[in-house]
file query-v1.txt (compact mmCIF, C-alpha atoms and all ligand atoms)
# COMPACT_ATOMS: atom_id res chain seq x y z
CA MET A 1 77.19 133.07 78.04
CA GLN A 2 75.61 136.49 78.44
CA LEU A 3 78.49 138.91 78.61
CA ASN A 4 76.42 141.66 80.18
CA GLU A 5 75.56 139.52 83.15
CA PRO A 6 77.72 139.96 86.24
CA MET A 7 79.72 136.93 87.30
CA ILE A 8 78.23 135.45 90.40
CA ARG A 9 80.61 135.58 93.29
CA ILE A 10 81.03 132.24 94.88
CA PHE A 11 80.69 132.76 98.58
CA ARG A 12 81.84 129.31 99.50
CA ILE A 13 85.31 130.20 98.34
CA LYS A 14 85.10 133.91 98.81
CA ARG A 15 84.26 133.93 102.46
CA PHE A 16 87.83 133.17 103.49
CA ARG A 17 89.72 136.40 103.69
CA SER A 18 92.73 137.25 105.72
CA ILE A 19 93.63 140.69 106.89
CA GLY A 20 96.23 141.72 109.33
CA LEU A 21 99.81 142.73 109.86
CA SER A 22 102.59 140.87 108.21
CA HIS A 23 105.51 139.83 110.35
CA PHE A 24 107.47 137.30 108.43
CA ARG A 25 107.26 135.28 105.33
CA THR A 26 106.44 131.64 105.06
CA LEU A 27 104.77 129.18 102.77
CA ALA A 28 101.03 129.62 103.02
CA CYS A 29 99.93 127.01 100.53
CA SER A 30 97.50 124.52 101.92
CA GLU A 31 97.42 121.81 99.31
CA TYR A 32 99.76 119.04 98.52
CA GLU A 33 99.81 116.95 95.47
CA ILE A 34 100.59 113.40 96.11
CA LEU A 35 102.29 112.25 92.97
CA GLY A 36 99.75 111.15 90.45
CA HIS A 37 97.23 113.81 91.35
CA ASN A 38 96.99 116.26 88.54
CA ARG A 39 96.69 119.39 90.61
CA LYS A 40 98.47 122.68 90.39
CA GLN A 41 101.20 122.99 92.95
CA HIS A 42 101.16 126.17 94.96
CA SER A 43 104.42 127.54 96.17
CA THR A 44 103.55 131.16 96.71
CA LYS A 45 105.16 132.89 99.60
CA ALA A 46 102.78 134.76 101.84
CA ASP A 47 102.81 136.63 105.08
CA ILE A 48 101.78 135.18 108.40
CA LYS A 49 98.79 137.13 109.60
CA THR A 50 98.11 138.12 113.14
CA ASP A 51 94.42 138.65 112.67
CA ILE A 52 92.42 136.27 110.53
CA LYS A 53 88.85 137.17 109.74
CA ILE A 54 86.19 135.35 107.84
CA GLU A 55 83.91 137.36 105.66
CA ASN A 56 80.40 136.24 106.39
CA THR A 57 78.57 138.18 103.75
CA ILE A 58 76.71 136.02 101.30
CA ASP A 59 76.32 136.77 97.64
CA TRP A 60 73.09 135.07 96.82
CA ALA A 61 72.87 132.84 93.80
CA LEU A 62 71.00 134.56 90.99
CA LEU A 63 69.00 133.01 88.19
CA SER A 64 69.73 134.01 84.64
CA ARG A 65 67.57 136.87 83.44
CA HIS A 66 67.69 135.53 79.91
CA HIS A 67 66.94 131.84 80.27
CA GLN A 68 64.13 130.00 82.04
CA VAL A 69 64.21 126.99 84.29
CA SER A 70 63.12 123.93 82.35
CA PHE A 71 62.92 120.14 82.51
CA ASP A 72 62.82 117.06 80.34
CA ASN A 73 62.34 113.35 81.03
CA ARG A 74 65.53 113.06 83.05
CA LYS A 75 66.49 116.36 84.59
CA VAL A 76 65.56 119.85 85.73
CA TYR A 77 67.73 122.66 84.30
CA VAL A 78 68.52 125.79 86.28
CA PRO A 79 70.35 128.55 84.37
CA TRP A 80 72.43 130.94 86.44
CA THR A 81 73.37 134.51 85.89
CA GLU A 82 77.04 133.60 85.53
CA GLY A 83 76.18 131.85 82.29
CA VAL A 84 76.16 128.21 83.29
CA THR A 85 73.22 125.88 83.74
CA SER A 86 72.97 123.29 86.48
CA SER A 87 71.14 120.08 85.75
CA PHE A 88 69.58 117.98 88.48
CA HIS A 89 68.24 114.45 88.07
CA HIS A 90 64.60 114.09 89.11
CA ILE A 91 65.37 111.31 91.60
CA TRP A 92 68.09 113.44 93.21
CA LEU A 93 65.82 116.47 93.54
CA ARG A 94 62.93 114.47 94.94
CA ASP A 95 65.25 112.65 97.37
CA HIS A 96 66.53 116.03 98.63
CA CYS A 97 63.13 117.68 98.98
CA GLN A 98 63.48 120.34 101.66
CA CYS A 99 59.82 120.39 102.74
CA GLU A 100 58.84 119.62 106.32
CA SER A 101 57.28 116.28 105.48
CA CYS A 102 60.45 115.12 103.69
CA PHE A 103 63.13 116.70 105.91
CA HIS A 104 62.55 117.15 109.65
CA PRO A 105 62.79 120.89 110.37
CA ILE A 106 64.23 120.38 113.85
CA THR A 107 66.26 117.18 113.74
CA LYS A 108 67.55 117.85 110.21
CA GLN A 109 67.04 114.22 109.25
CA ARG A 110 65.42 112.71 106.19
CA LEU A 111 61.80 111.67 106.73
CA LEU A 112 61.17 110.77 103.13
CA ASN A 113 61.31 107.09 102.21
CA THR A 114 63.76 107.26 99.32
CA PHE A 115 62.77 103.81 98.11
CA GLN A 116 59.14 104.73 97.60
CA ILE A 117 60.00 107.38 95.03
CA PRO A 118 58.46 105.95 91.84
CA GLU A 119 60.85 105.32 88.99
CA THR A 120 58.35 107.09 86.76
CA LEU A 121 58.72 110.30 88.76
CA ARG A 122 58.96 113.46 86.73
CA PRO A 123 57.79 117.05 87.13
CA GLU A 124 54.40 118.28 86.03
CA ASN A 125 55.71 121.79 86.23
CA VAL A 126 58.80 123.73 87.30
CA VAL A 127 58.68 127.43 88.12
CA ALA A 128 61.20 129.82 89.61
CA ASN A 129 61.03 133.03 91.57
CA PRO A 130 63.94 135.19 92.81
CA THR A 131 64.55 132.96 95.83
CA GLU A 132 63.55 129.40 94.94
CA VAL A 133 62.68 126.82 92.34
CA LYS A 134 59.35 125.05 92.81
CA VAL A 135 58.65 121.64 91.34
CA VAL A 136 55.19 120.08 91.10
CA TRP A 137 55.78 116.33 90.80
CA ASN A 138 53.54 113.92 88.95
CA ASP A 139 52.79 112.12 92.21
CA GLY A 140 51.21 115.33 93.48
CA HIS A 141 54.07 116.35 95.81
CA LEU A 142 55.27 119.95 95.79
CA SER A 143 58.94 120.71 96.44
CA ALA A 144 60.66 124.08 96.80
CA TYR A 145 64.43 124.46 96.62
CA PRO A 146 66.15 127.69 97.72
CA LEU A 147 68.35 129.05 94.94
CA ASP A 148 71.42 129.36 97.14
CA TRP A 149 70.98 125.73 98.18
CA LEU A 150 70.74 124.61 94.53
CA HIS A 151 73.77 126.66 93.54
CA PHE A 152 75.77 125.45 96.48
CA HIS A 153 74.98 121.80 95.84
CA SER A 154 75.10 121.90 92.05
CA TYR A 155 76.93 118.75 90.93
CA GLN A 156 76.56 118.98 87.16
CA PRO A 157 78.55 121.14 86.91
CA VAL A 158 80.10 121.66 90.33
CA LEU A 159 79.86 125.43 90.88
CA GLU A 160 81.15 125.89 94.37
CA LYS A 161 83.94 123.95 95.86
CA MET A 162 84.71 123.89 99.50
CA GLY A 163 88.16 125.39 99.80
CA VAL A 164 90.64 124.07 102.32
CA PHE A 165 90.82 126.63 105.08
CA PRO A 166 93.92 128.67 104.29
CA ARG A 167 96.54 127.33 106.61
CA THR A 168 99.75 129.22 107.27
CA LEU A 169 102.63 126.80 107.31
CA TRP A 170 105.46 127.76 109.61
CA THR A 171 108.95 126.89 110.69
CA GLY A 172 110.04 127.21 114.29
CA ASP A 173 112.21 130.19 113.39
CA GLU A 174 109.23 132.00 111.93
CA ILE A 175 106.57 131.28 114.48
CA ALA A 176 108.70 131.96 117.56
CA ALA A 177 108.56 135.72 117.08
CA ASN A 178 104.79 135.87 117.16
CA PRO A 179 103.09 132.63 118.22
CA PRO A 180 99.27 132.61 118.03
CA LYS A 181 97.58 133.43 121.33
CA VAL A 182 94.18 134.16 122.80
CA SER A 183 93.30 135.27 126.29
CA TYR A 184 91.47 133.09 128.79
CA ASP A 185 89.23 135.95 129.84
CA ASP A 186 88.14 136.56 126.27
CA VAL A 187 87.33 132.98 125.36
CA MET A 188 85.54 132.34 128.66
CA ASP A 189 83.50 135.55 128.55
CA PRO A 190 79.86 134.42 128.20
CA ASN A 191 78.92 137.83 126.78
CA ASN A 192 81.35 137.49 123.92
CA HIS A 193 78.71 135.59 121.89
CA GLY A 194 81.28 133.17 120.60
CA GLY A 195 83.40 135.84 118.91
CA ALA A 196 86.50 135.03 120.91
CA VAL A 197 85.90 131.30 120.53
CA ALA A 198 85.57 131.81 116.77
CA ASP A 199 88.89 133.67 116.81
CA TRP A 200 90.46 130.90 118.88
CA THR A 201 89.29 128.15 116.49
CA ARG A 202 90.50 130.15 113.47
CA LYS A 203 93.96 130.46 114.96
CA ILE A 204 94.08 126.72 115.58
CA LYS A 205 92.92 126.09 112.01
CA THR A 206 95.46 128.53 110.59
CA TYR A 207 98.58 127.64 112.57
CA GLY A 208 97.73 124.25 114.00
CA PHE A 209 98.20 125.48 117.56
CA CYS A 210 97.44 128.34 119.92
CA PHE A 211 98.44 129.45 123.39
CA ILE A 212 95.87 130.60 125.91
CA ASP A 213 97.14 133.36 128.22
CA ARG A 214 96.37 133.95 131.88
CA VAL A 215 94.61 130.67 132.63
CA PRO A 216 94.15 129.98 136.37
CA THR A 217 96.53 127.18 137.30
CA THR A 218 93.97 124.66 138.46
CA PRO A 219 92.70 121.47 136.82
CA ALA A 220 89.09 122.69 137.19
CA ASP A 221 89.73 125.93 135.30
CA THR A 222 91.68 124.07 132.63
CA GLU A 223 88.83 121.60 132.20
CA ALA A 224 86.37 124.51 131.91
CA LEU A 225 88.60 125.99 129.21
CA ILE A 226 88.53 122.73 127.24
CA ASN A 227 84.78 122.47 127.63
CA ARG A 228 84.45 125.95 126.13
CA LEU A 229 85.69 124.38 122.91
CA SER A 230 84.22 120.91 123.20
CA PHE A 231 84.02 117.95 125.55
CA PRO A 232 87.16 115.88 126.25
CA ARG A 233 87.65 112.63 124.40
CA ASN A 234 87.81 109.61 126.62
CA THR A 235 90.58 107.07 126.02
CA HIS A 236 92.49 104.49 128.07
CA TYR A 237 94.27 107.50 129.59
CA GLY A 238 90.93 108.82 130.81
CA GLY A 239 89.05 111.92 129.68
CA PHE A 240 90.62 114.88 131.46
CA TRP A 241 94.18 114.11 132.64
CA ASP A 242 96.05 115.39 135.66
CA PHE A 243 99.39 113.59 135.77
CA THR A 244 103.06 113.60 136.73
CA SER A 245 106.07 111.47 135.76
CA ASN A 246 105.05 108.53 137.94
CA LEU A 247 104.29 105.93 135.24
CA ALA A 248 100.67 105.87 136.39
CA LYS A 249 100.02 104.77 132.82
CA ALA A 250 102.58 102.56 131.09
CA ASP A 251 103.55 105.15 128.49
CA THR A 252 106.67 107.28 128.13
CA ALA A 253 104.48 110.39 128.44
CA TYR A 254 104.29 109.47 132.13
CA THR A 255 108.10 109.53 132.58
CA ASP A 256 110.77 112.25 132.66
CA LEU A 257 112.39 110.95 129.45
CA ALA A 258 112.85 113.10 126.36
CA LEU A 259 110.09 112.54 123.79
CA PRO A 260 110.98 113.07 120.14
CA LEU A 261 108.47 114.80 117.91
CA HIS A 262 105.40 112.65 117.39
CA THR A 263 101.65 112.72 117.02
CA ASP A 264 99.46 110.98 119.56
CA GLY A 265 97.19 108.03 118.94
CA THR A 266 98.76 106.66 115.75
CA TYR A 267 97.30 103.36 117.00
CA PHE A 268 93.75 104.72 116.77
CA THR A 269 91.80 104.47 113.53
CA ASP A 270 90.69 108.04 114.38
CA PRO A 271 93.59 109.72 116.20
CA PRO A 272 92.76 112.47 118.71
CA GLY A 273 92.10 115.69 116.84
CA LEU A 274 93.32 118.27 119.32
CA GLN A 275 95.37 118.09 122.47
CA LEU A 276 95.55 120.72 125.21
CA LEU A 277 98.42 120.61 127.69
CA HIS A 278 98.71 122.83 130.76
CA CYS A 279 101.79 122.69 133.00
CA LEU A 280 100.46 123.35 136.50
CA ASN A 281 103.89 123.38 138.09
CA HIS A 282 107.42 122.19 137.57
CA GLN A 283 110.17 122.30 140.16
CA GLY A 284 113.24 121.13 138.32
CA THR A 285 115.18 121.63 135.14
CA GLY A 286 114.67 120.80 131.48
CA GLY A 287 111.30 119.81 130.07
CA ASP A 288 111.26 122.25 127.18
CA SER A 289 108.33 121.66 124.85
CA ILE A 290 108.84 121.24 121.13
CA LEU A 291 106.34 121.60 118.33
CA ALA A 292 106.74 121.29 114.57
CA ASP A 293 104.35 121.96 111.73
CA GLY A 294 103.99 118.52 110.17
CA PHE A 295 102.47 119.97 107.01
CA LYS A 296 105.49 122.24 106.62
CA ALA A 297 107.83 119.30 107.20
CA ALA A 298 105.87 117.31 104.60
CA ARG A 299 106.22 120.19 102.17
CA VAL A 300 109.99 120.17 102.72
CA LEU A 301 110.10 116.42 102.16
CA LEU A 302 108.05 116.74 98.97
CA GLU A 303 110.40 119.37 97.61
CA GLU A 304 113.58 117.56 98.59
CA SER A 305 112.65 113.91 98.02
CA PRO A 306 109.41 113.31 96.10
CA ASN A 307 109.96 109.57 96.14
CA HIS A 308 110.23 109.50 99.92
CA TYR A 309 107.08 111.61 100.11
CA LYS A 310 105.32 109.06 97.93
CA THR A 311 106.57 106.22 100.12
CA LEU A 312 105.35 107.88 103.32
CA SER A 313 102.00 108.44 101.63
CA ARG A 314 101.63 104.80 100.66
CA VAL A 315 103.17 102.47 103.23
CA ARG A 316 100.61 101.75 105.91
CA ILE A 317 102.08 101.59 109.37
CA PRO A 318 100.48 99.46 112.07
CA SER A 319 100.87 100.90 115.57
CA HIS A 320 99.99 99.87 119.07
CA ALA A 321 99.41 100.96 122.66
CA ALA A 322 99.99 97.91 124.80
CA GLY A 323 101.76 99.03 127.98
CA ASN A 324 98.90 98.57 130.41
CA GLU A 325 97.93 95.01 131.33
CA ASP A 326 94.34 95.49 130.22
CA VAL A 327 95.04 97.43 127.02
CA CYS A 328 96.26 96.35 123.61
CA ILE A 329 95.05 98.88 121.08
CA THR A 330 95.97 98.46 117.44
CA THR A 331 94.66 100.28 114.40
CA SER A 332 91.75 98.52 112.73
CA LEU A 333 92.97 100.07 109.52
CA ALA A 334 96.67 100.90 109.39
CA ARG A 335 97.34 104.27 107.77
CA ALA A 336 100.31 105.99 106.20
CA VAL A 337 102.40 108.78 107.75
CA LEU A 338 101.03 111.28 105.22
CA ASN A 339 97.32 110.91 104.50
CA HIS A 340 95.55 112.66 101.67
CA ASP A 341 91.98 113.32 100.73
CA ASP A 342 91.21 110.72 98.04
CA SER A 343 89.28 113.13 95.86
CA THR A 344 91.54 116.19 95.99
CA GLY A 345 94.99 114.90 96.88
CA THR A 346 95.10 117.36 99.77
CA LEU A 347 97.19 116.37 102.76
CA PHE A 348 94.83 116.24 105.74
CA GLN A 349 96.61 114.18 108.38
CA VAL A 350 100.14 113.43 109.57
CA ARG A 351 100.55 110.36 111.78
CA TRP A 352 103.98 109.77 113.18
CA ASN A 353 105.21 108.02 116.29
CA ASN A 354 108.22 105.84 115.63
CA ASP A 355 108.13 104.48 119.17
CA ASP A 356 104.60 103.11 118.74
CA ARG A 357 105.23 101.55 115.34
CA SER A 358 104.34 97.84 115.20
CA THR A 359 105.83 95.18 112.96
CA ILE A 360 105.29 95.69 109.24
CA ASP A 361 105.30 92.24 107.70
CA ARG A 362 103.48 92.82 104.43
CA TRP A 363 105.43 94.44 101.61
CA SER A 364 104.52 94.60 97.93
CA ASP A 365 108.14 93.80 96.99
CA PRO A 366 110.37 93.49 100.07
CA ASP A 367 113.62 93.96 98.10
CA ILE A 368 112.43 97.34 96.90
CA SER A 369 110.04 98.54 99.55
CA VAL A 370 111.90 97.70 102.77
CA PRO A 371 115.08 99.68 101.95
CA GLU A 372 113.02 102.53 100.51
CA PHE A 373 110.77 102.66 103.56
CA TYR A 374 113.72 102.97 105.91
CA ALA A 375 115.33 105.60 103.66
CA ALA A 376 112.05 107.54 103.63
CA ILE A 377 111.49 107.54 107.40
CA ARG A 378 115.16 108.43 107.92
CA ALA A 379 114.74 111.48 105.66
CA TRP A 380 111.49 112.42 107.41
CA ALA A 381 113.00 112.05 110.89
CA GLU A 382 116.00 114.12 109.82
CA ILE A 383 113.77 117.00 108.73
CA LEU A 384 112.05 116.84 112.11
CA THR A 385 115.37 117.38 113.89
CA ARG A 386 116.34 120.52 111.96
CA PRO A 387 116.64 123.42 114.39
CA GLU A 388 114.81 125.78 112.05
CA ILE A 389 111.81 123.44 111.76
CA VAL A 390 111.32 122.96 115.49
CA TYR A 391 109.61 125.54 117.70
CA ARG A 392 111.03 125.20 121.19
CA PHE A 393 109.47 126.89 124.21
CA LYS A 394 108.78 126.46 127.89
CA LEU A 395 105.28 125.43 128.86
CA ILE A 396 104.62 127.67 131.85
CA PRO A 397 101.86 127.56 134.45
CA GLY A 398 98.99 129.77 133.32
CA GLN A 399 99.72 129.38 129.60
CA PRO A 400 98.52 126.07 128.17
CA VAL A 401 98.88 125.22 124.51
CA ILE A 402 96.32 123.52 122.30
CA PHE A 403 97.42 121.92 119.05
CA ASP A 404 96.05 120.06 116.06
CA ASN A 405 97.31 116.51 116.52
CA TRP A 406 96.60 115.72 112.85
CA ARG A 407 99.09 118.39 111.76
CA VAL A 408 101.45 119.55 114.51
CA LEU A 409 103.95 117.15 116.06
CA HIS A 410 104.88 117.58 119.71
CA GLY A 411 107.60 116.42 122.04
CA ARG A 412 109.72 117.54 124.96
CA THR A 413 113.25 117.43 126.31
CA ALA A 414 114.12 115.34 129.36
CA PHE A 415 113.56 116.96 132.74
CA THR A 416 114.30 116.63 136.41
CA GLY A 417 111.99 117.09 139.36
CA GLN A 418 108.23 116.94 139.62
CA ARG A 419 106.29 118.22 136.65
CA ARG A 420 102.50 118.25 136.88
CA LEU A 421 100.48 118.55 133.68
CA CYS A 422 96.80 118.43 132.94
CA GLY A 423 94.85 118.47 129.73
CA ALA A 424 92.69 116.47 127.38
CA TYR A 425 92.05 115.40 123.83
CA ILE A 426 89.20 116.71 121.70
CA ASN A 427 87.84 114.84 118.69
CA MET A 428 88.54 116.48 115.34
CA ASP A 429 84.90 116.31 114.18
CA ASP A 430 83.71 118.02 117.38
CA PHE A 431 86.29 120.76 116.93
CA GLU A 432 85.35 121.22 113.27
CA SER A 433 81.72 121.61 114.31
CA ARG A 434 82.68 124.27 116.83
CA PHE A 435 84.88 126.05 114.30
CA ARG A 436 82.19 126.11 111.64
CA LEU A 437 79.29 127.07 113.86
CA SER A 438 81.19 129.81 115.68
CA ASN A 439 82.56 131.30 112.46
CA TYR A 440 79.76 130.87 109.93
CA GLY A 441 76.62 130.63 112.03
CA ARG A 442 74.12 127.79 112.17
CA SER A 443 71.91 128.71 109.22
CA ARG A 444 74.92 128.89 106.93
CA VAL A 445 76.32 125.57 108.15
CA LEU A 446 72.91 123.89 107.83
CA MET A 447 72.63 125.05 104.25
CA GLU A 448 75.77 123.07 103.46
CA LEU A 449 74.30 119.79 104.66
FE FE B 501 102.29 112.84 123.06
ZN ZN B 502 58.82 117.17 100.31

call {"tool": "encode", "arguments": {"input": "query-v1.txt", "output": "structure tokens"}}
result
Amino acid sequence: MQLNEPMIRIFRIKRFRSIGLSHFRTLACSEYEILGHNRKQHSTKADIKTDIKIENTIDWALLSRHHQVSFDNRKVYVPWTEGVTSSFHHIWLRDHCQCESCFHPITKQRLLNTFQIPETLRPENVVANPTEVKVVWNDGHLSAYPLDWLHFHSYQPVLEKMGVFPRTLWTGDEIAANPPKVSYDDVMDPNNHGGAVADWTRKIKTYGFCFIDRVPTTPADTEALINRLSFPRNTHYGGFWDFTSNLAKADTAYTDLALPLHTDGTYFTDPPGLQLLHCLNHQGTGGDSILADGFKAARVLLEESPNHYKTLSRVRIPSHAAGNEDVCITTSLARAVLNHDDSTGTLFQVRWNNDDRSTIDRWSDPDISVPEFYAAIRAWAEILTRPEIVYRFKLIPGQPVIFDNWRVLHGRTAFTGQRRLCGAYINMDDFESRFRLSNYGRSRVLMEL
């Protein structure tokens, strides 16, 4: 390693930066280690921020000034200024050629026939300039790879690792003083060039939910608000909902009963990503809304009962939606309550609805796993009833809430009278696309493909 060379700054990690006023302290770690994953456990306390910004400056990847690009029979070698060298297999480079005849410049799809790349492929020559590496292949093709693209996608070694967006975990006690909000006028302003939408998506990513202030109390305006983020997801409940407690659909959501904390769509292989709820009017009593940060609750469970955490990460729970005569939805692939990224061990999804749980009739060892499963869900359910965990508030006309249904659990207390709500689901992948494009810009997001 050349000690006089500056360390390259890795923008993929670096671009997340939080600035703002601190109000209260909470756990801000974003990663969980399911037992068996050899990852460092974060337990740092950090402040909840009121203003989260993403630094969009890019520190371009720089080639070493002391070593040249080179190649041999198997790979091309690209030495970087930070003192490491990336190696790329010829087949991989040729397969990822970025030229217009190999990769459609508009549709961003591969045009190259991967299977016609000859096994004897190797470079005739490899040269570099300050922005790209050019390869002349022995089949006559010329490829050019931008340096930042090569650095970003370097796999041997991996140089840049997509960080989990820094979530701020919260308890009800903590978040109640300063819940995340945006204003309807800001996010709907067509002249805002997406800035307010970017802010809105960042708040949802950070806290798992966000209020929208001063929304006109009509279904049409609420639907327009949802469409500003993405299109509604259609399900057996419809796309955009406008409902009261009349059992129009055979689900307890359409009653005036209390609903304990849960996530929606545990019976879907891909549960709804986001849910927006707007109370258009309520003449009656009760009907307080409750939210809880499922990732925070999981963190508490992990710290208090690691074995229960492991159980809830392993036992797959079948679920169903079968109230309507013409509907009987079950998960194609039953999943656990706590779901982790296979490669990193990071918790990415909480699925929990005890009312929709189907019959579990496959156990690895029933004498061990059945009692442990019930002990684990009892411990989990107990955490979700702790007053400090739960954020309780009144959903009022003009102030809908949108929440991440893969992280934040929701429920309500029983109520009397007529209560009219409207809202919709949004798919997680569509929301992620909106978040990334509005915060990083299209060219940046395309580079990551
Ligand atoms: Fe629900
Ligand atoms: Zn090409």

call {"tool": "residues_around", "arguments": {"input": "query-v1.txt", "residues": "segment 201-206 of chain A", "least_positions_apart": "5", "cutoff": "7 Å", "atoms": "only C-alpha atoms", "output": "PyMOL selection string"}}
result
chain A and resi 166-168+180+403-404+435

call {"tool": "residues_near_ligand", "arguments": {"input": "query-v1.txt", "ligand": "ligand ZN 502 (chain B)", "cutoff": "9 Å", "atoms": "all atoms listed in the file", "output": "list in words"}}
result
Arg94, Asp95, His96, Cys97, Gln98, Cys99, Glu100, Ser101, Cys102, Phe103, Leu111, Leu112, His141, Leu142, Ser143 and Ala144 of chain A

call {"tool": "closest_residue", "arguments": {"input": "query-v1.txt", "among": "A:Ala375, A:Val445, A:Ala424, A:Leu437", "to": "Phe231 of chain A", "atoms": "all atoms listed in the file"}}
result
A:Ala424

call {"tool": "residues_near_ligand", "arguments": {"input": "query-v1.txt", "ligand": "ligand FE 501 (chain B)", "cutoff": "8 Å", "atoms": "only C-alpha atoms and all ligand atoms", "output": "PyMOL selection string"}}
result
chain A and resi 253+259+262-264+410-411

call {"tool": "closest_residue", "arguments": {"input": "query-v1.txt", "among": "A:Gln156, A:Gln275, A:Ser438, A:Ser369", "to": "Pro79 of chain A", "atoms": "all atoms listed in the file"}}
result
A:Gln156

call {"tool": "atom_distance", "arguments": {"input": "query-v1.txt", "atom1": "atom CA of Phe268 of chain A", "atom2": "atom CA of Ser332 of chain A"}}
result
7.7 Å

call {"tool": "residues_around", "arguments": {"input": "query-v1.txt", "residues": "Gln283 of chain A", "least_positions_apart": "5", "cutoff": "7 Å", "atoms": "only C-alpha atoms", "output": "list in words"}}
result
Gly417, Gln418 and Arg419 of chain A

call {"tool": "residues_around", "arguments": {"input": "query-v1.txt", "residues": "Lys134 of chain A", "least_positions_apart": "3", "cutoff": "12 Å", "atoms": "only C-alpha atoms", "output": "PDB file with C-alpha atoms, in the frame of the given file"}}
result
ATOM      1  CA  VAL A  69      64.210 126.990  84.290  1.00  0.00           C
ATOM      2  CA  SER A  70      63.120 123.930  82.350  1.00  0.00           C
ATOM      3  CA  PHE A  71      62.920 120.140  82.510  1.00  0.00           C
ATOM      4  CA  VAL A  76      65.560 119.850  85.730  1.00  0.00           C
ATOM      5  CA  VAL A  78      68.520 125.790  86.280  1.00  0.00           C
ATOM      6  CA  LEU A  93      65.820 116.470  93.540  1.00  0.00           C
ATOM      7  CA  ARG A  94      62.930 114.470  94.940  1.00  0.00           C
ATOM      8  CA  CYS A  97      63.130 117.680  98.980  1.00  0.00           C
ATOM      9  CA  GLN A  98      63.480 120.340 101.660  1.00  0.00           C
ATOM     10  CA  CYS A  99      59.820 120.390 102.740  1.00  0.00           C
ATOM     11  CA  PRO A 123      57.790 117.050  87.130  1.00  0.00           C
ATOM     12  CA  GLU A 124      54.400 118.280  86.030  1.00  0.00           C
ATOM     13  CA  ASN A 125      55.710 121.790  86.230  1.00  0.00           C
ATOM     14  CA  VAL A 126      58.800 123.730  87.300  1.00  0.00           C
ATOM     15  CA  VAL A 127      58.680 127.430  88.120  1.00  0.00           C
ATOM     16  CA  ALA A 128      61.200 129.820  89.610  1.00  0.00           C
ATOM     17  CA  ASN A 129      61.030 133.030  91.570  1.00  0.00           C
ATOM     18  CA  PRO A 130      63.940 135.190  92.810  1.00  0.00           C
ATOM     19  CA  THR A 131      64.550 132.960  95.830  1.00  0.00           C
ATOM     20  CA  TRP A 137      55.780 116.330  90.800  1.00  0.00           C
ATOM     21  CA  HIS A 141      54.070 116.350  95.810  1.00  0.00           C
ATOM     22  CA  LEU A 142      55.270 119.950  95.790  1.00  0.00           C
ATOM     23  CA  SER A 143      58.940 120.710  96.440  1.00  0.00           C
ATOM     24  CA  ALA A 144      60.660 124.080  96.800  1.00  0.00           C
ATOM     25  CA  TYR A 145      64.430 124.460  96.620  1.00  0.00           C
ATOM     26  CA  PRO A 146      66.150 127.690  97.720  1.00  0.00           C
ATOM     27  CA  LEU A 147      68.350 129.050  94.940  1.00  0.00           C
ATOM     28  CA  LEU A 150      70.740 124.610  94.530  1.00  0.00           C
TER      29      LEU A 150
END

call {"tool": "residues_around", "arguments": {"input": "query-v1.txt", "residues": "Asn73 of chain A", "least_positions_apart": "6", "cutoff": "10 Å", "atoms": "all atoms listed in the file", "output": "list in words"}}
result
His89, His90, Thr120, Leu121, Arg122 and Pro123 of chain A

call {"tool": "closest_residue", "arguments": {"input": "query-v1.txt", "among": "A:Ala224, A:Leu159, A:Val315, A:Ala376", "to": "Val84 of chain A", "atoms": "all atoms listed in the file"}}
result
A:Leu159

call {"tool": "residues_around", "arguments": {"input": "query-v1.txt", "residues": "Gly265 of chain A", "least_positions_apart": "6", "cutoff": "10 Å", "atoms": "only C-alpha atoms", "output": "compact mmCIF listing (two decimals) with C-alpha atoms, in the coordinates of the input"}}
result
# COMPACT_ATOMS: atom_id res chain seq x y z
CA THR A 235 90.58 107.07 126.02
CA PRO A 271 93.59 109.72 116.20
CA PRO A 272 92.76 112.47 118.71
CA GLY A 273 92.10 115.69 116.84
CA SER A 319 100.87 100.90 115.57
CA HIS A 320 99.99 99.87 119.07
CA ALA A 321 99.41 100.96 122.66
CA ILE A 329 95.05 98.88 121.08
CA THR A 330 95.97 98.46 117.44
CA THR A 331 94.66 100.28 114.40
CA ARG A 351 100.55 110.36 111.78
CA TRP A 352 103.98 109.77 113.18
CA ASN A 353 105.21 108.02 116.29
CA ASP A 356 104.60 103.11 118.74
CA ASN A 405 97.31 116.51 116.52
CA TRP A 406 96.60 115.72 112.85

call {"tool": "closest_residue", "arguments": {"input": "query-v1.txt", "among": "A:Leu62, A:Leu301, A:Val408, A:Leu257", "to": "Phe209 of chain A", "atoms": "all atoms listed in the file"}}
result
A:Val408

call {"tool": "closest_residue", "arguments": {"input": "query-v1.txt", "among": "A:Ala250, A:Cys279, A:Val390, A:Ala334", "to": "Ile175 of chain A", "atoms": "only C-alpha atoms"}}
result
A:Val390

call {"tool": "atom_distance", "arguments": {"input": "query-v1.txt", "atom1": "atom CA of Val182 of chain A", "atom2": "atom CA of Pro260 of chain A"}}
result
27.1 Å

call {"tool": "closest_residue", "arguments": {"input": "query-v1.txt", "among": "A:Arg299, A:Arg386, A:Lys108, A:His236", "to": "Val327 of chain A", "atoms": "all atoms listed in the file"}}
result
A:His236

call {"tool": "atom_distance", "arguments": {"input": "query-v1.txt", "atom1": "atom CA of Thr85 of chain A", "atom2": "atom CA of Pro157 of chain A"}}
result
7.8 Å
